[in-house]
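Enquirer: Contents of protein-v3.cif (mmCIF, C-alpha atoms) are below:
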```cif
data_start
#
loop_
_atom_site.label_atom_id
_atom_site.label_comp_id
_atom_site.auth_asym_id
_atom_site.auth_seq_id
_atom_site.Cartn_x
_atom_site.Cartn_y
_atom_site.Cartn_z
CA MET A 1 -5.79 70.31 58.51
CA LYS A 2 -2.77 71.05 56.37
CA ARG A 3 -1.21 67.73 57.43
CA LEU A 4 -4.49 65.88 56.61
CA PHE A 5 -4.71 67.63 53.25
CA SER A 6 -1.11 66.70 52.49
CA ILE A 7 -1.77 63.08 53.36
CA LEU A 8 -4.82 62.98 51.04
CA VAL A 9 -2.85 64.51 48.18
CA ILE A 10 -0.02 62.02 48.63
CA ALA A 11 -2.48 59.08 48.76
CA THR A 12 -4.23 60.32 45.60
CA ILE A 13 -0.94 60.59 43.73
CA MET A 14 0.06 57.07 44.82
CA VAL A 15 -3.29 55.60 43.68
CA PHE A 16 -3.20 57.27 40.28
CA GLY A 17 0.44 56.33 39.92
CA ALA A 18 -0.32 52.65 40.53
CA VAL A 19 -3.15 52.81 38.00
CA ASP A 20 -0.82 54.37 35.44
CA VAL A 21 1.79 51.67 36.05
CA ASN A 22 -0.77 48.86 35.59
CA ALA A 23 -2.11 50.50 32.46
CA THR A 24 1.38 50.83 31.09
CA ASN A 25 2.12 47.18 31.84
CA ASN A 26 -1.11 46.13 30.13
CA VAL A 27 -0.33 48.26 27.12
CA ASN A 28 3.17 46.82 26.93
CA ALA A 29 1.85 43.24 27.28
CA LEU A 30 -0.76 43.74 24.53
CA PRO A 31 1.69 44.17 21.67
CA ALA A 32 3.62 41.09 22.82
CA THR A 33 0.41 39.04 22.69
CA MET A 34 -0.42 40.44 19.29
CA VAL A 35 3.06 39.65 18.06
CA ASN A 36 2.79 36.05 19.22
CA PHE A 37 -0.61 35.72 17.57
CA VAL A 38 0.67 37.15 14.31
CA GLN A 39 3.69 34.88 14.42
CA ASP A 40 1.48 31.83 14.95
CA GLU A 41 -0.73 32.88 12.05
CA ASP A 42 2.28 33.42 9.82
CA GLN A 43 3.64 30.00 10.74
CA ALA A 44 0.30 28.31 9.99
CA ILE A 45 0.06 30.13 6.67
CA ALA A 46 3.62 29.15 5.85
CA GLU A 47 2.90 25.47 6.61
CA GLU A 48 -0.25 25.57 4.50
CA THR A 49 1.65 27.25 1.69
CA GLU A 50 4.33 24.58 1.97
CA ASP A 51 1.76 21.78 1.66
CA VAL A 52 0.10 23.40 -1.33
CA GLY A 53 3.51 24.09 -2.78
CA PHE A 54 4.47 20.41 -2.62
CA HIS A 55 1.46 19.37 -4.70
CA GLN A 56 2.01 22.23 -7.09
CA GLU A 57 5.68 21.31 -7.36
CA LEU A 58 4.82 17.68 -8.05
CA LYS A 59 2.34 18.72 -10.72
CA ARG A 60 4.85 21.09 -12.29
CA ARG A 61 7.57 18.44 -12.37
CA PHE A 62 5.15 15.97 -13.94
CA ILE A 63 4.30 18.45 -16.68
CA GLU A 64 7.95 19.33 -17.23
CA GLY A 65 8.79 15.67 -17.69
CA GLY A 66 6.53 15.54 -20.71
CA PRO A 67 2.90 14.40 -20.80
CA GLY A 68 3.71 11.57 -23.21
CA PHE A 69 6.16 9.41 -21.28
CA MET A 70 5.10 10.60 -17.83
CA GLY A 71 1.48 9.75 -18.64
CA ILE A 72 2.41 6.24 -19.80
CA VAL A 73 4.48 5.64 -16.68
CA LEU A 74 1.59 6.90 -14.54
CA LEU A 75 -0.73 4.50 -16.36
CA CYS A 76 1.64 1.64 -15.51
CA LEU A 77 1.44 2.67 -11.85
CA ILE A 78 -2.37 2.82 -11.85
CA LEU A 79 -2.85 -0.52 -13.63
CA GLY A 80 -0.18 -2.22 -11.54
CA LEU A 81 -1.70 -0.99 -8.28
CA ALA A 82 -5.20 -2.03 -9.39
CA ILE A 83 -4.06 -5.59 -10.15
CA ALA A 84 -1.95 -5.77 -6.98
CA ILE A 85 -4.83 -4.64 -4.74
CA GLU A 86 -7.21 -7.11 -6.41
CA ARG A 87 -4.72 -9.94 -5.86
CA ILE A 88 -4.15 -8.98 -2.23
CA ILE A 89 -7.90 -9.00 -1.53
CA TYR A 90 -8.30 -12.36 -3.30
CA LEU A 91 -5.39 -13.94 -1.45
CA ASN A 92 -6.61 -12.70 1.92
CA LEU A 93 -10.02 -14.22 1.23
CA ALA A 94 -8.33 -17.46 0.10
CA THR A 95 -6.46 -17.84 3.39
CA THR A 96 -7.94 -20.64 5.48
CA ASN A 97 -7.26 -22.13 8.89
CA THR A 98 -6.12 -25.50 7.55
CA LYS A 99 -5.77 -27.15 10.94
CA LYS A 100 -9.34 -26.33 11.90
CA LEU A 101 -10.60 -27.44 8.47
CA ALA A 102 -8.75 -30.75 8.71
CA GLN A 103 -10.17 -31.36 12.19
CA ASP A 104 -13.71 -30.54 11.03
CA VAL A 105 -13.37 -32.85 8.03
CA GLU A 106 -12.05 -35.68 10.19
CA ASP A 107 -14.89 -35.25 12.71
CA ALA A 108 -17.44 -35.19 9.91
CA LEU A 109 -15.97 -38.36 8.40
CA ASN A 110 -16.16 -40.20 11.70
CA THR A 111 -19.73 -39.12 12.40
CA GLY A 112 -21.45 -38.74 9.02
CA GLY A 113 -19.16 -40.25 6.42
CA ILE A 114 -17.95 -38.83 3.10
CA GLU A 115 -21.04 -36.72 2.38
CA ALA A 116 -20.86 -34.97 5.73
CA ALA A 117 -17.20 -34.17 5.13
CA LYS A 118 -18.03 -32.83 1.66
CA ASP A 119 -20.67 -30.56 3.20
CA VAL A 120 -18.01 -29.11 5.48
CA CYS A 121 -15.84 -28.36 2.45
CA ARG A 122 -18.74 -26.78 0.57
CA ASN A 123 -19.37 -24.38 3.44
CA THR A 124 -15.71 -23.34 3.68
CA LYS A 125 -14.08 -20.82 1.34
CA GLY A 126 -10.57 -21.08 -0.02
CA PRO A 127 -8.46 -23.34 -2.24
CA VAL A 128 -7.71 -25.82 0.56
CA ALA A 129 -11.40 -26.57 1.03
CA SER A 130 -11.79 -27.01 -2.73
CA ILE A 131 -8.90 -29.48 -2.81
CA TYR A 132 -10.40 -31.37 0.10
CA TYR A 133 -13.72 -31.58 -1.73
CA GLN A 134 -12.12 -33.03 -4.86
CA GLY A 135 -10.21 -35.58 -2.82
CA LEU A 136 -13.28 -36.63 -0.89
CA ASP A 137 -15.28 -36.83 -4.12
CA ARG A 138 -12.86 -39.48 -5.41
CA ALA A 139 -12.46 -41.24 -2.08
CA ASP A 140 -14.83 -44.08 -3.03
CA GLU A 141 -12.59 -44.92 -6.01
CA GLY A 142 -9.61 -45.52 -3.77
CA THR A 143 -6.83 -43.61 -2.07
CA GLU A 144 -4.73 -43.37 -5.23
CA ALA A 145 -7.58 -41.80 -7.20
CA ALA A 146 -8.19 -39.31 -4.40
CA GLU A 147 -4.49 -38.41 -4.34
CA LYS A 148 -4.41 -37.83 -8.10
CA ALA A 149 -7.48 -35.63 -7.87
CA VAL A 150 -5.90 -33.59 -5.07
CA VAL A 151 -2.66 -33.10 -7.02
CA ALA A 152 -4.46 -32.16 -10.25
CA TYR A 153 -6.86 -29.74 -8.62
CA GLY A 154 -4.01 -28.29 -6.56
CA GLY A 155 -2.36 -27.19 -9.79
CA VAL A 156 -5.62 -25.55 -10.87
CA GLN A 157 -5.88 -23.65 -7.60
CA MET A 158 -2.26 -22.55 -7.85
CA GLY A 159 -2.99 -21.09 -11.27
CA LEU A 160 -5.91 -19.16 -9.84
CA LEU A 161 -3.70 -17.78 -7.07
CA GLU A 162 -1.08 -16.59 -9.58
CA LYS A 163 -3.63 -15.09 -11.98
CA ASN A 164 -2.61 -11.66 -13.39
CA VAL A 165 0.50 -11.50 -11.19
CA SER A 166 2.68 -11.56 -14.31
CA TRP A 167 1.15 -8.23 -15.34
CA VAL A 168 2.50 -6.61 -12.19
CA SER A 169 5.99 -7.86 -13.00
CA LEU A 170 5.55 -6.50 -16.53
CA PHE A 171 4.72 -3.02 -15.23
CA ILE A 172 7.70 -3.22 -12.85
CA ALA A 173 10.02 -3.81 -15.81
CA LEU A 174 8.19 -1.42 -18.15
CA ALA A 175 8.14 1.68 -15.93
CA PRO A 176 11.93 2.22 -15.67
CA MET A 177 12.36 1.30 -19.33
CA LEU A 178 9.96 4.07 -20.30
CA GLY A 179 11.84 6.41 -17.97
CA PHE A 180 15.14 5.53 -19.62
CA MET A 181 13.56 6.03 -23.04
CA GLY A 182 12.51 9.51 -21.95
CA THR A 183 16.09 10.05 -20.83
CA VAL A 184 17.45 9.11 -24.25
CA ILE A 185 14.91 11.27 -26.05
CA GLY A 186 15.69 14.22 -23.80
CA MET A 187 19.42 13.88 -24.48
CA ILE A 188 18.76 13.64 -28.22
CA GLU A 189 16.73 16.84 -28.07
CA ALA A 190 19.52 18.55 -26.16
CA PHE A 191 22.12 17.60 -28.78
CA ASP A 192 19.76 18.67 -31.57
CA ARG A 193 19.57 22.11 -29.99
CA ILE A 194 23.35 22.28 -29.72
CA GLU A 195 23.71 21.27 -33.35
CA ALA A 196 21.13 23.81 -34.50
CA ALA A 197 22.70 26.65 -32.50
CA GLY A 198 26.27 25.70 -33.35
CA ASP A 199 27.34 26.57 -29.83
CA MET A 200 27.52 24.75 -26.48
CA GLN A 201 25.44 26.81 -24.07
CA PRO A 202 23.97 25.56 -20.77
CA SER A 203 20.58 27.08 -21.55
CA LEU A 204 20.31 24.97 -24.70
CA VAL A 205 20.82 21.61 -22.99
CA ALA A 206 19.24 22.32 -19.61
CA GLY A 207 15.68 21.59 -20.75
CA GLY A 208 16.51 18.26 -22.37
CA ILE A 209 18.59 17.09 -19.43
CA LYS A 210 15.81 18.05 -17.00
CA ILE A 211 13.28 15.99 -18.95
CA ALA A 212 15.72 13.09 -19.00
CA LEU A 213 16.21 13.15 -15.25
CA LEU A 214 12.53 13.60 -14.41
CA THR A 215 11.35 10.67 -16.52
CA THR A 216 14.04 8.42 -15.10
CA VAL A 217 13.23 9.29 -11.50
CA PHE A 218 9.49 8.86 -11.99
CA GLY A 219 9.95 5.49 -13.69
CA LEU A 220 12.18 4.23 -10.88
CA ILE A 221 9.69 5.40 -8.23
CA VAL A 222 6.86 3.53 -9.95
CA ALA A 223 8.98 0.38 -10.21
CA ILE A 224 9.91 0.53 -6.51
CA ILE A 225 6.28 0.94 -5.40
CA LEU A 226 5.06 -1.95 -7.55
CA GLN A 227 8.00 -4.15 -6.51
CA ILE A 228 6.96 -3.88 -2.86
CA PHE A 229 3.41 -5.01 -3.67
CA TYR A 230 4.72 -7.77 -5.96
CA ASN A 231 6.98 -9.23 -3.29
CA TYR A 232 4.12 -9.23 -0.78
CA ILE A 233 1.86 -11.04 -3.25
CA ILE A 234 4.51 -13.67 -4.04
CA ALA A 235 5.13 -14.27 -0.35
CA LYS A 236 1.39 -14.63 0.26
CA ILE A 237 1.04 -17.12 -2.61
CA ASP A 238 3.97 -19.19 -1.34
CA ARG A 239 2.41 -19.34 2.13
CA ILE A 240 -0.95 -20.48 0.74
CA VAL A 241 0.71 -23.10 -1.51
CA ASN A 242 2.61 -24.50 1.46
CA ASP A 243 -0.64 -24.74 3.40
CA MET A 244 -2.22 -26.53 0.44
CA GLU A 245 0.59 -29.09 0.32
CA ASP A 246 0.47 -29.73 4.05
CA ALA A 247 -3.31 -29.98 3.96
CA SER A 248 -3.17 -32.46 1.07
CA ILE A 249 -0.87 -34.75 3.05
CA THR A 250 -3.15 -34.45 6.06
CA LEU A 251 -6.18 -35.34 3.93
CA MET A 252 -4.51 -38.46 2.62
CA ASP A 253 -3.71 -39.54 6.16
CA ILE A 254 -7.32 -38.91 7.20
CA LEU A 255 -8.67 -40.94 4.27
CA VAL A 256 -6.30 -43.85 4.92
CA GLU A 257 -7.31 -43.92 8.57
CA TYR A 258 -10.98 -43.74 7.59
CA LYS A 259 -10.61 -46.65 5.16
CA ASN A 260 -8.86 -48.74 7.79
CA LYS A 261 -11.62 -48.11 10.29
CA ARG A 262 -14.27 -49.18 7.78
CA ARG A 263 -12.42 -52.40 7.05
CA VAL A 264 -12.30 -53.23 10.73
#
```
Take the structure in the file and give it back as structure tokens.
Expert:
Amino acid sequence: MKRLFSILVIATIMVFGAVDVNATNNVNALPATMVNFVQDEDQAIAEETEDVGFHQELKRRFIEGGPGFMGIVLLCLILGLAIAIERIIYLNLATTNTKKLAQDVEDALNTGGIEAAKDVCRNTKGPVASIYYQGLDRADEGTEAAEKAVVAYGGVQMGLLEKNVSWVSLFIALAPMLGFMGTVIGMIEAFDRIEAAGDMQPSLVAGGIKIALLTTVFGLIVAIILQIFYNYIIAKIDRIVNDMEDASITLMDILVEYKNKRRV
């Protein structure tokens, strides 16, 4: 009985000991989990604070640069972007598959004559279709008259493609100039403070130099952004003009071939 009692006591101690060890391990693991959770929360809060801080920093730098010149430079950016986006949309809509249009016009000429070809041009958007229509409209007067009409109306279409693009180039030149003007004004204010104080102290010139640097940087950033859009627009216009020239030559060939077939 004593041996049985001893065995039961030993088994009980071992069971409660294992329970205590598991409980201790769980208690020790809980703080580690809480620490990881807190660290993740702190990291998320830090990232959110960093994002908010960037916008706040940008706003603060804009205000420090002076509402006058910084506002004018910002207006140049807004107007330049508005014109650039409008031009990009217009040029994308003006892009036409010239090869398909030329083939459709040629098929319409062979099957239905000049009027059928003009209907194809009416139902097609873009400057190339408009040039084709003007050439076909003068086709009865002769090939030379059709060629003159194509050349003249091509110049009109080129003017429409380049409409308002000069304003973007103006804002590109104006933005850094305004920034440099803010730089000069900031330096003048700094020297005025030195002259008024009669002493050269960093605290007197720091504000003026900061304004000078901020306006210059902001003006250059605006000019760089608008320059990228401007170059894209110019490249798009050049591509469309090349398509117009190639399409005009193709139209003349189609009209000459059509006239020869009618004579036969």
Enquirer: Identify which of the residues A:Asn123, A:Thr183, A:Asn164, A:Ser169 lies closest to A:Ile225, counting only C-alpha atoms when measuring atom-to-atom distances.
Expert: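 The shortest atom-to-atom distance to A:Ile225 comes from A:Ser169.
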Enquirer: Would you kindly translate the PyMOL selection byres ((chain A and resi 118) around 8) into the concrete residues it picks from this file, as JSON, numbers by chain?
Expert: {"A": [105, 114, 115, 116, 117, 119, 120, 121, 122, 132, 133, 136, 137]}
Enquirer: Given the file shown, determine the residues that the PyMOL selection byres ((chain A and resi 242-255) around 7) selects; report them as a list in words.
Expert: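 Matching residues under the PyMOL selection byres ((chain A and resi 242-255) around 7) are Thr98, Glu106, Val128, Tyr132, Glu147, Val150, Asp238, Arg239, Ile240, Val241, Val256, Glu257, Tyr258 and Lys259 of chain A.
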Enquirer: Would you mind exporting the chosen residues as a PDB file, in the coordinates of the input, restricted to C-alpha atoms?
Expert:
```pdb
ATOM      1  CA  THR A  98      -6.120 -25.500   7.550  1.00  0.00           C
ATOM      2  CA  GLU A 106     -12.050 -35.680  10.190  1.00  0.00           C
ATOM      3  CA  VAL A 128      -7.710 -25.820   0.560  1.00  0.00           C
ATOM      4  CA  TYR A 132     -10.400 -31.370   0.100  1.00  0.00           C
ATOM      5  CA  GLU A 147      -4.490 -38.410  -4.340  1.00  0.00           C
ATOM      6  CA  VAL A 150      -5.900 -33.590  -5.070  1.00  0.00           C
ATOM      7  CA  ASP A 238       3.970 -19.190  -1.340  1.00  0.00           C
ATOM      8  CA  ARG A 239       2.410 -19.340   2.130  1.00  0.00           C
ATOM      9  CA  ILE A 240      -0.950 -20.480   0.740  1.00  0.00           C
ATOM     10  CA  VAL A 241       0.710 -23.100  -1.510  1.00  0.00           C
ATOM     11  CA  VAL A 256      -6.300 -43.850   4.920  1.00  0.00           C
ATOM     12  CA  GLU A 257      -7.310 -43.920   8.570  1.00  0.00           C
ATOM     13  CA  TYR A 258     -10.980 -43.740   7.590  1.00  0.00           C
ATOM     14  CA  LYS A 259     -10.610 -46.650   5.160  1.00  0.00           C
TER      15      LYS A 259
END
```
Enquirer: A:Leu220: which residues within 12 Å, counting only C-alpha atoms, same-chain residues fewer than 5 positions away excluded, as a list in words?
Expert: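 The residues satisfying every condition are Met70, Val73, Leu74, Cys76, Leu77, Phe171, Ile172, Ala173, Leu174, Ala175, Pro176, Met177, Leu178, Gly179, Phe180, Leu213, Leu214, Thr215, Ile225, Leu226 and Gln227 of chain A.
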Enquirer: Looking at A:Val222, A:Leu101, A:Ile228, A:Val184, which one is nearest to A:Gly71, with distances taken over only C-alpha atoms?
Expert: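 Smallest separation from A:Gly71 among the options: A:Val222.
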Enquirer: Given the choices A:Ala129, A:Ile221, A:Ala212, A:Leu161, which gets closest to A:Ile89 if the distance is worked out from all atoms listed in the file?
Expert: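 That would be A:Leu161, the residue with the smallest distance to A:Ile89.
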Enquirer: Hey, what's within 10 Å of A:Arg138 if we count only C-alpha atoms and toss same-chain stuff fewer than 3 positions away? As a list in words, please?
Expert: Ile114, Tyr133, Gln134, Gly135, Glu141, Gly142, Thr143, Glu144, Ala145, Ala146, Glu147, Lys148, Ala149 and Val150 of chain A
Enquirer: Within 10 Å of A:Ile237, counting all atoms listed in the file, which residues show up once you throw out same-chain ones fewer than 5 positions away? Write them as a PyMOL selection string, please.
Expert: chain A and resi 87-88+91-92+94-95+158+161-162+231-232+242-243
Enquirer: In Å to one decimal, how far is atom CA of A:Ile72 from atom CA of A:Tyr230?
Expert: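 If I compute the distance from atom CA of A:Tyr230 to atom CA of A:Ile72, I get 19.8 Å.
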